[in-house]
Structure formats: structure tokens, C-alpha cells
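Q: For reference, the file coords-v6.txt (compact mmCIF, C-alpha atoms and all ligand atoms) is included below:
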```
# COMPACT_ATOMS: atom_id res chain seq x y z
CA MET A 17 -11.72 15.77 3.35
CA GLN A 18 -8.23 16.14 1.86
CA LEU A 19 -5.72 13.36 1.28
CA PHE A 20 -2.16 14.53 0.63
CA GLN A 21 -0.67 11.66 -1.37
CA PHE A 22 1.55 10.38 -4.17
CA PRO A 23 -0.31 8.23 -6.75
CA PHE A 24 2.41 5.54 -6.93
CA SER A 25 2.95 5.14 -3.18
CA HIS A 26 1.68 1.86 -1.72
CA ASN A 27 1.13 3.58 1.65
CA CYS A 28 -1.06 6.21 -0.01
CA ALA A 29 -2.86 3.63 -2.19
CA LYS A 30 -3.97 1.82 0.96
CA VAL A 31 -5.66 4.96 2.31
CA LYS A 32 -7.30 5.85 -1.03
CA ILE A 33 -8.74 2.36 -1.32
CA ALA A 34 -10.19 2.60 2.21
CA LEU A 35 -11.72 6.04 1.46
CA ILE A 36 -13.31 4.78 -1.78
CA GLU A 37 -14.58 1.56 -0.15
CA LYS A 38 -16.26 3.69 2.52
CA GLY A 39 -17.81 5.97 -0.11
CA LEU A 40 -16.10 9.05 1.35
CA ALA A 41 -15.49 12.04 -0.94
CA PHE A 42 -11.97 13.45 -0.81
CA GLU A 43 -9.71 15.84 -2.66
CA SER A 44 -6.07 15.06 -3.47
CA PRO A 45 -4.00 18.27 -3.47
CA VAL A 46 -0.93 18.16 -5.72
CA VAL A 47 2.06 17.15 -3.60
CA ASP A 48 5.72 17.74 -4.41
CA ALA A 49 8.95 18.03 -2.41
CA THR A 50 8.46 21.79 -1.97
CA LEU A 51 5.03 21.31 -0.44
CA LEU A 52 6.26 18.53 1.87
CA ARG A 53 8.98 20.87 3.23
CA SER A 54 6.69 23.92 3.49
CA PRO A 55 5.94 25.34 6.97
CA GLY A 56 2.21 24.80 6.45
CA PHE A 57 2.62 21.10 5.69
CA LEU A 58 5.26 20.54 8.38
CA ALA A 59 2.90 22.11 10.93
CA MET A 60 0.47 19.28 10.13
CA ASN A 61 3.11 16.54 9.80
CA PRO A 62 6.63 17.34 11.07
CA LEU A 63 7.95 14.24 9.26
CA GLY A 64 7.08 15.88 5.92
CA LYS A 65 5.62 12.64 4.59
CA VAL A 66 2.47 11.45 2.88
CA PRO A 67 -0.15 10.12 3.26
CA LEU A 68 -1.66 12.83 5.44
CA LEU A 69 -5.42 13.07 5.91
CA VAL A 70 -7.15 16.31 6.83
CA ASP A 71 -10.73 15.80 8.02
CA GLY A 72 -12.15 19.20 8.98
CA GLU A 73 -9.83 20.58 11.65
CA PHE A 74 -8.21 17.21 12.26
CA ALA A 75 -4.95 16.18 10.55
CA ILE A 76 -3.52 12.68 10.91
CA GLY A 77 -0.53 10.91 9.36
CA GLU A 78 0.79 7.32 9.01
CA SER A 79 -1.21 5.19 6.60
CA GLU A 80 -2.22 2.49 9.09
CA VAL A 81 -3.29 5.05 11.69
CA ILE A 82 -5.31 6.89 9.03
CA VAL A 83 -7.25 3.79 7.94
CA GLU A 84 -7.94 2.85 11.58
CA TYR A 85 -9.16 6.44 12.15
CA LEU A 86 -11.48 6.10 9.13
CA GLU A 87 -12.80 2.81 10.51
CA ASP A 88 -13.53 4.40 13.89
CA ARG A 89 -14.97 7.65 12.52
CA TYR A 90 -16.93 6.18 9.58
CA PRO A 91 -17.71 2.60 10.63
CA ARG A 92 -20.01 1.71 7.69
CA PRO A 93 -19.21 -0.22 5.62
CA ARG A 94 -17.00 -2.09 8.04
CA LEU A 95 -13.45 -2.78 6.85
CA LEU A 96 -12.25 -4.68 9.92
CA PRO A 97 -13.58 -8.12 10.87
CA VAL A 98 -15.99 -8.40 13.81
CA THR A 99 -14.11 -11.02 15.79
CA VAL A 100 -11.17 -10.19 18.02
CA GLU A 101 -9.11 -12.85 16.21
CA GLY A 102 -10.09 -11.50 12.80
CA ARG A 103 -9.12 -7.94 13.77
CA ALA A 104 -5.79 -9.15 15.14
CA ARG A 105 -5.10 -11.09 11.95
CA SER A 106 -5.99 -8.10 9.80
CA ARG A 107 -3.54 -5.95 11.77
CA TRP A 108 -0.88 -8.68 11.54
CA LEU A 109 -1.13 -8.76 7.74
CA SER A 110 -1.09 -4.96 7.60
CA ARG A 111 1.99 -4.88 9.84
CA PHE A 112 3.69 -7.54 7.69
CA HIS A 113 3.16 -5.28 4.72
CA ASP A 114 4.18 -2.01 6.36
CA MET A 115 7.24 -3.27 8.22
CA TYR A 116 8.64 -5.88 5.84
CA LEU A 117 7.23 -6.19 2.33
CA GLY A 118 6.56 -2.48 1.68
CA PRO A 119 10.03 -1.24 2.75
CA GLN A 120 11.67 -4.02 0.70
CA LEU A 121 9.72 -2.92 -2.36
CA SER A 122 10.81 0.67 -1.73
CA THR A 123 14.46 -0.44 -1.52
CA LEU A 124 14.14 -2.24 -4.86
CA TYR A 125 12.27 0.68 -6.42
CA PHE A 126 14.95 3.22 -5.45
CA ALA A 127 17.71 0.83 -6.61
CA LEU A 128 16.02 0.60 -9.99
CA SER A 129 15.80 4.40 -10.22
CA ASP A 130 19.52 4.65 -9.27
CA GLY A 131 20.57 2.11 -11.95
CA ARG A 132 21.59 -0.57 -9.41
CA ALA A 133 19.17 -3.23 -10.73
CA GLY A 134 20.93 -6.45 -11.71
CA LYS A 135 24.20 -5.55 -9.89
CA PRO A 136 25.57 -8.67 -8.07
CA GLU A 137 26.01 -6.81 -4.76
CA PHE A 138 22.29 -6.04 -4.81
CA ALA A 139 21.22 -9.72 -5.19
CA PRO A 140 20.62 -10.25 -1.41
CA GLU A 141 17.93 -7.54 -1.51
CA VAL A 142 16.15 -9.39 -4.34
CA ASP A 143 16.54 -12.68 -2.41
CA ARG A 144 14.88 -10.99 0.56
CA LEU A 145 11.88 -10.01 -1.58
CA VAL A 146 11.53 -13.61 -2.80
CA GLU A 147 11.73 -14.80 0.83
CA LEU A 148 9.09 -12.30 2.03
CA VAL A 149 6.71 -13.31 -0.78
CA ALA A 150 7.14 -16.98 0.22
CA MET A 151 6.35 -16.05 3.85
CA LEU A 152 3.25 -14.17 2.75
CA GLU A 153 2.11 -17.18 0.71
CA ALA A 154 2.43 -19.27 3.87
CA LEU A 155 0.41 -16.72 5.89
CA ILE A 156 -2.61 -16.39 3.59
CA ASP A 157 -5.52 -18.53 2.45
CA PRO A 158 -7.62 -16.27 0.20
CA GLN A 159 -11.39 -16.97 0.21
CA PRO A 160 -11.26 -14.89 -2.06
CA TYR A 161 -9.97 -12.07 0.21
CA PHE A 162 -7.30 -12.51 2.84
CA LEU A 163 -9.78 -12.80 5.71
CA GLY A 164 -12.69 -14.47 3.95
CA LYS A 165 -15.62 -13.27 1.87
CA GLN A 166 -15.35 -9.62 2.93
CA PHE A 167 -12.75 -7.18 1.67
CA THR A 168 -10.93 -5.80 4.73
CA LEU A 169 -8.12 -3.43 5.64
CA ALA A 170 -5.80 -6.45 5.40
CA ASP A 171 -6.28 -6.49 1.61
CA ALA A 172 -5.85 -2.76 1.01
CA PRO A 173 -2.06 -2.34 1.36
CA TYR A 174 -1.23 -5.30 -0.87
CA ALA A 175 -3.20 -4.18 -3.94
CA LEU A 176 -0.56 -1.84 -5.36
CA SER A 177 2.29 -3.75 -3.75
CA TYR A 178 1.38 -6.88 -5.73
CA HIS A 179 1.86 -4.84 -8.91
CA PHE A 180 5.27 -3.72 -7.57
CA VAL A 181 6.24 -7.32 -6.75
CA LEU A 182 5.62 -8.29 -10.40
CA MET A 183 7.27 -5.19 -11.82
CA LEU A 184 10.32 -5.00 -9.53
CA SER A 185 11.12 -8.72 -9.45
CA ALA A 186 11.16 -8.69 -13.26
CA ALA A 187 13.22 -5.49 -13.41
CA HIS A 188 15.77 -7.01 -11.01
CA GLY A 189 16.06 -10.18 -13.10
CA ARG A 190 14.17 -12.60 -10.77
CA PRO A 191 10.62 -12.45 -12.16
CA LEU A 192 8.06 -13.74 -9.66
CA THR A 193 4.97 -15.24 -11.29
CA GLU A 194 1.86 -17.16 -10.23
CA VAL A 195 4.08 -20.25 -10.05
CA GLU A 196 5.91 -18.87 -6.99
CA MET A 197 2.87 -17.06 -5.57
CA PRO A 198 -0.29 -18.96 -6.61
CA LYS A 199 -2.37 -17.81 -3.64
CA LEU A 200 -1.45 -14.16 -4.13
CA ALA A 201 -2.17 -14.40 -7.85
CA ARG A 202 -5.62 -15.89 -7.14
CA TRP A 203 -6.31 -13.21 -4.53
CA PHE A 204 -5.25 -10.46 -6.96
CA GLU A 205 -7.78 -11.63 -9.55
CA SER A 206 -10.59 -10.96 -7.07
CA VAL A 207 -9.21 -7.84 -5.49
CA SER A 208 -8.30 -6.09 -8.76
CA ALA A 209 -11.92 -6.47 -9.94
CA ARG A 210 -13.07 -4.10 -7.18
CA PRO A 211 -13.67 -0.55 -8.51
CA SER A 212 -11.68 0.96 -5.59
CA VAL A 213 -8.60 -1.10 -6.38
CA ALA A 214 -8.96 -0.81 -10.17
CA SER A 215 -9.07 3.01 -10.06
CA VAL A 216 -6.15 3.32 -7.65
CA LEU A 217 -4.05 0.88 -9.70
CA GLN A 218 -4.84 2.77 -12.89
CA ALA A 219 -3.79 6.10 -11.35
CA ALA A 220 -0.57 4.54 -10.05
CA LYS A 221 0.31 2.96 -13.40
CA THR A 222 -0.33 6.27 -15.19
CA ALA A 223 1.91 8.11 -12.71
CA LEU A 224 4.65 5.45 -12.98
CA ALA A 225 4.54 5.81 -16.76
CA GLY A 226 5.14 9.55 -16.29
CA GLY A 227 1.57 10.56 -17.12
N1 LIG B 301 5.11 4.59 7.57
C1 LIG B 301 4.61 5.67 6.76
C2 LIG B 301 5.52 5.86 5.55
C3 LIG B 301 5.30 7.20 4.88
C4 LIG B 301 6.30 7.43 3.75
O1 LIG B 301 7.42 6.91 3.75
N2 LIG B 301 5.87 8.23 2.78
C5 LIG B 301 6.70 8.51 1.62
C6 LIG B 301 5.93 8.19 0.36
S1 LIG B 301 5.55 6.46 0.32
C7 LIG B 301 7.03 9.99 1.59
O2 LIG B 301 6.23 10.83 1.95
N3 LIG B 301 8.22 10.33 1.11
C8 LIG B 301 8.60 11.70 0.90
C9 LIG B 301 9.78 12.09 1.73
O3 LIG B 301 10.17 11.35 2.63
O4 LIG B 301 10.30 13.17 1.44
C10 LIG B 301 3.15 5.39 6.35
O5 LIG B 301 2.76 4.22 6.31
O6 LIG B 301 2.40 6.33 6.11
```
I need this file expressed as C-alpha cells, please.

A:
Amino acid sequence: MQLFQFPFSHNCAKVKIALIEKGLAFESPVVDATLLRSPGFLAMNPLGKVPLLVDGEFAIGESEVIVEYLEDRYPRPRLLPVTVEGRARSRWLSRFHDMYLGPQLSTLYFALSDGRAGKPEFAPEVDRLVELVAMLEALIDPQPYFLGKQFTLADAPYALSYHFVLMLSAAHGRPLTEVEMPKLARWFESVSARPSVASVLQAAKTALAGG
């Protein structure tokens, strides 16, 4: 299996964590802008985006679709709850990440790279991050994972994003700590102890540091 990915992308981190949790071996080809625009890659994913999973003859994009494919194709160990309500809640948390929190983190990340961090006109974007984190705190009740004792797909997207919340809120002058997000901080203690999450976080931090 091949996973085309960037090490510091939260969308890609989610898929890597799911692959590792399921004990699936995969290769990560080196990806750069040239590869993403190459005819061979665009034939597999016309959007020219990662993550993209290639499993034998089958290529599939979009991080959430990829992890659901993995769950269907390789059901053990299970990463979605058994109950209909649990599965719906897992997908709700994943959607909250992919549609709201993740894009907001990307906006703040690109602003930091462009030197717009701390500019007054950018403050509403930082306010929005603070608001989204407060909403997430209201949504979750970690026991120790988001949906209870079992790690699920609901936890996977947030592992690297939590690191970005800490890093980007500080870089934009509104540091969020365990005071504002006690439930998330407690959850992160448990989730970051998992080998899947620890290795993906380490690779992301190394890449962010330019390593
Ligand atoms: N909704 C997509 C987002 C994919 C996405 O935006 N990927 C970014 C990296 S996080 C990318 O490939 N960017 C390169 C580009 O657009 O050129 C998913 O969840 O997979």
C-alpha cells in the first residue's frame, strides 16, 4: 500500500494514524509540488492533493473517505463504534474537524508563513479559532478517548491538530492552554501516549522544524 502524504498535514496524519492502528504496512513516496501536478498523479487524483491512498489497483483520495475505506476493507481492529449512535457521533466529530477546525488551523498556518501573525486585521481569524476550540470543549467528554474507552476514528484527526492549536494560538499572540481547553488537554495526555500518535507527531514536528 502507498500513502502519498505530507508529514505536517493534519489530513494526512489522520490517515497514517488509522493505518498504524490497523497494523497495515505502507510506503510513503516523497511528495512535492511537481509530483502533485504530474500527469501520473493527476490521473489518480485530479485535485492534485494529498492524502491519496493506493491499495493495489485502487486509488482513493479525501482523508475521511480513505479512513472509512480502511475501516470497510480491513475491519480489525475496529476504529468505528458498534452502535449507530456511536458511529454517527464519530462522523460528527470528524466532520467538525475537517470542515471547521482544520481549515481554520490552515488559515492561521498560512498567515504565519506569510508574516501576517499578530496583525490587527487578522484578529477575527484568531477569535474564530478560540471560538471553535470552546465549541469542541462543549462537544466532548473524554473517557479517556472522545467516544469512550476505545480509540476511534473520531480521535485520529485531532491528534496533530491539537499540536497546531497550541503552536498557532501562541504564534498569533492568543496562547490557548489547558485552562481554556481542560478536556482536550486531558484527552491529549491519553492519545499522545499511543505509539501511532506519538510516531506521527514526531514526524510532523521534525518536518515543521525543517528536518
Ligand atoms: N479535504 C481534503 C483536503 C486535502 C488537502 O487540502 N490537502 C493539502 C495538504 S493538507 C494539499 O494536498 N495541498 C497541496 C495543494 O493543494 O497543492 C482531505 O481531507 O483530504

Q: Using all atoms listed in the file, find each residue with an atom at most 6 Å away from ligand LIG 301 (chain B) and format the answer as a ChimeraX atom specification.

A: /A:25,27,65-67,78-80

Q: Might you pull out every residue within 9 Å of Phe22 in chain A, with all atoms listed in the file counted and same-chain residues fewer than 4 positions away left off, and present them as a PyMOL selection string?

A: chain A and resi 26-29+44+46-48+66-67+220+223

Q: Please indicate the distance in Å from CA of Ala219 in chain A to CA of Ile156 in chain A, rounded to one decimal place.

A: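 If I compute the distance from CA of Ala219 in chain A to CA of Ile156 in chain A, I get 27.0 Å.
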
Q: Find, counting only C-alpha atoms, the residue in A:Met60, A:Phe74, A:Pro91, A:Val207 that gets nearest to Gln166 in chain A.

A: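 Looking only at the distances to Gln166 in chain A, the closest residue turns out to be A:Val207.
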
Q: Using all atoms listed in the file, which of A:Leu96, A:Leu155, A:Gly189, A:Ala104 sits nearest Ala133 in chain A?

A: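 Of all the options, A:Gly189 lies closest to Ala133 in chain A.
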
Q: Record the distance separating CA of Leu152 in chain A and CA of Thr168 in chain A, expressed in Å with one decimal.

A: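 A separation of 16.6 Å between them.
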
Q: List as JSON, numbers by chain the residues having at least one atom at most 12 Å from position (-2.4, -2.2, -10.0) as given in the file, counting all atoms listed in the file.

A: {"A": [23, 24, 25, 26, 29, 30, 33, 172, 173, 174, 175, 176, 177, 178, 179, 180, 181, 182, 183, 204, 205, 207, 208, 209, 210, 211, 212, 213, 214, 215, 216, 217, 218, 219, 220, 221, 222, 223, 224]}

Q: Show me, as a CSV table (one decimal) with C-alpha atoms, keeping the file's coordinate frame, the residues that have an atom within 10 Å of His188 in chain A when counting only C-alpha atoms, minus same-chain residues fewer than 5 positions from it.

A:
```csv
chain,number,residue,atom,x,y,z
A,124,LEU,CA,14.1,-2.2,-4.9
A,125,TYR,CA,12.3,0.7,-6.4
A,127,ALA,CA,17.7,0.8,-6.6
A,128,LEU,CA,16.0,0.6,-10.0
A,132,ARG,CA,21.6,-0.6,-9.4
A,133,ALA,CA,19.2,-3.2,-10.7
A,134,GLY,CA,20.9,-6.4,-11.7
A,135,LYS,CA,24.2,-5.6,-9.9
A,138,PHE,CA,22.3,-6.0,-4.8
A,139,ALA,CA,21.2,-9.7,-5.2
A,141,GLU,CA,17.9,-7.5,-1.5
A,142,VAL,CA,16.2,-9.4,-4.3
A,183,MET,CA,7.3,-5.2,-11.8
```
